[in-house]
Amino acid sequence: MTPEQYPRIYLYRRIVQAKVFIDKYYLQKIDLDNISDEAYFSKYHFIRLFKSIYGKTPHQYLTTVRIEHAKQLLQQGNSVTEVCFSVGYDSVSTFSSLFTKITGKTPSGYLNYHKQRKQEIQSEPLAFVPKCYAFMHGWGENSNFEEATV
Amino acid sequence: MVTKMTITNINVIDQDSAYDFYVNKLGFRLVNDIPMGPDTRWLTVSPPDQPDLQLVLFPVTVSKMFPQEVADSLISLIRRGTFGCGVLTCNDIFATYEELKTKGVEFIKAPTKEFYGTEALFKDDSGNFFSLQPINNFSNENNI
């Protein structure tokens, strides 16, 4: 039976398995062959089906997942080099150019922006919450939070 | 003239569990996670392709807004599945259904053809329910 003859639900399950595999192992050095093996497809057929379902090739999706995780790690204050290796890249320059292409900011610029934001949050947390929510929840009353100013 | 919705809220019972559900299962992006005292956080997330809409995962804890009796009633209603929180869209409903089921999301209705298109229903970790529909259900002018 060729992949085209499989009932559609089996095709879905295999592609979903491959996506979940990427979601789970994106920090490791997985490549397209590993991923298409996971789905038991030929590479070409796998790429075509994956893109038809998720709008991205498996490689593009893997890059997106890695860069999203890199953003979280940078927001937590990790260095660009640490983040690069943590999300599965060997080269800081490759990582930096991909990050910049996808987010529009360099990793170091992104890191610095979030360091500054973190400091602002620590000194004035209520400045980041719409007043109506803070009021409804009683945040800022009888606490050490200072009111945000415009 | 009102032009957009930017922030809306979903009342949740446990913020840690809600974070896991919306970020790790649905794949939403974390926008804000700011401590607001010992038991609550300003916790907001966005759908991956809609960064300009923030969903506040609003904790139902005893507060000025929710006195004890109100909080107890609200938690009971949420757990009972009283509240529908909207329609979430995806490119491919069958693939998304399979993926979310794999991740442990509880569906109360599998993808089913309705007169307006295919729809599934699932619950979040608190009990709020959502409709899941393919984006092309909304691309037809007749739906507007």
# chains A, B, ... in the order shown; residues from 1 in each chain; ligands from 1
call {"tool": "interface_residues", "arguments": {"of": "chain A", "to": "chain B", "cutoff": "8 Å", "atoms": "only C-alpha atoms", "output": "number ranges by chain"}}
result
A: 12-13, 15-17, 20, 53-55, 121, 125, 129, 136-139
call {"tool": "write_last_selection", "arguments": {"atoms": "C-alpha atoms", "output": "CSV table (one decimal), in the first residue's frame"}}
result
chain,number,residue,atom,x,y,z
A,12,TYR,CA,-3.0,12.4,10.0
A,13,ARG,CA,-1.8,10.3,12.9
A,15,ILE,CA,2.1,13.5,10.6
A,16,VAL,CA,0.9,14.5,14.1
A,17,GLN,CA,3.3,11.9,15.6
A,20,VAL,CA,4.9,15.8,18.5
A,53,ILE,CA,-1.3,20.5,7.4
A,54,TYR,CA,1.0,22.9,9.3
A,55,GLY,CA,1.8,25.5,6.6
A,121,ILE,CA,8.6,44.9,36.4
A,125,PRO,CA,4.8,45.6,38.6
A,129,VAL,CA,-1.3,45.5,34.5
A,136,MET,CA,-10.9,44.3,40.5
A,137,HIS,CA,-8.4,42.0,42.1
A,138,GLY,CA,-7.5,44.4,44.8
A,139,TRP,CA,-3.9,44.4,43.7
call {"tool": "select_by_dssp", "arguments": {"residues": "chain B", "states": "alpha helix (DSSP H)", "output": "ChimeraX atom specification"}}
result
/B:15-19,68-79,93-102
call {"tool": "residues_around", "arguments": {"residues": "Asn112 (chain A)", "least_positions_apart": "4", "cutoff": "12 Å", "atoms": "only C-alpha atoms", "output": "VMD selection string"}}
result
chain A and resid 71 74 to 80 105 to 108 116 to 119
call {"tool": "residues_around", "arguments": {"residues": "region 11-21 of chain B", "least_positions_apart": "4", "cutoff": "7 Å", "atoms": "only C-alpha atoms", "output": "list of chain:residue names"}}
result
B:Lys25, B:Leu26, B:Leu57, B:Phe58, B:Pro59, B:Val60, B:Ile75, B:Asp124, B:Asp125, B:Ser126
call {"tool": "atom_distance", "arguments": {"atom1": "CA of Phe135 (chain A)", "atom2": "CA of Thr6 (chain B)"}}
result
18.7 Å
call {"tool": "closest_residue", "arguments": {"among": "A:Leu62, A:His69, A:Arg14, A:Phe46", "to": "Val23 (chain B)", "atoms": "only C-alpha atoms"}}
result
A:His69
call {"tool": "closest_residue", "arguments": {"among": "A:Gln28, A:Thr100, A:Thr94, A:Ser52", "to": "Leu11 (chain A)", "atoms": "only C-alpha atoms"}}
result
A:Ser52
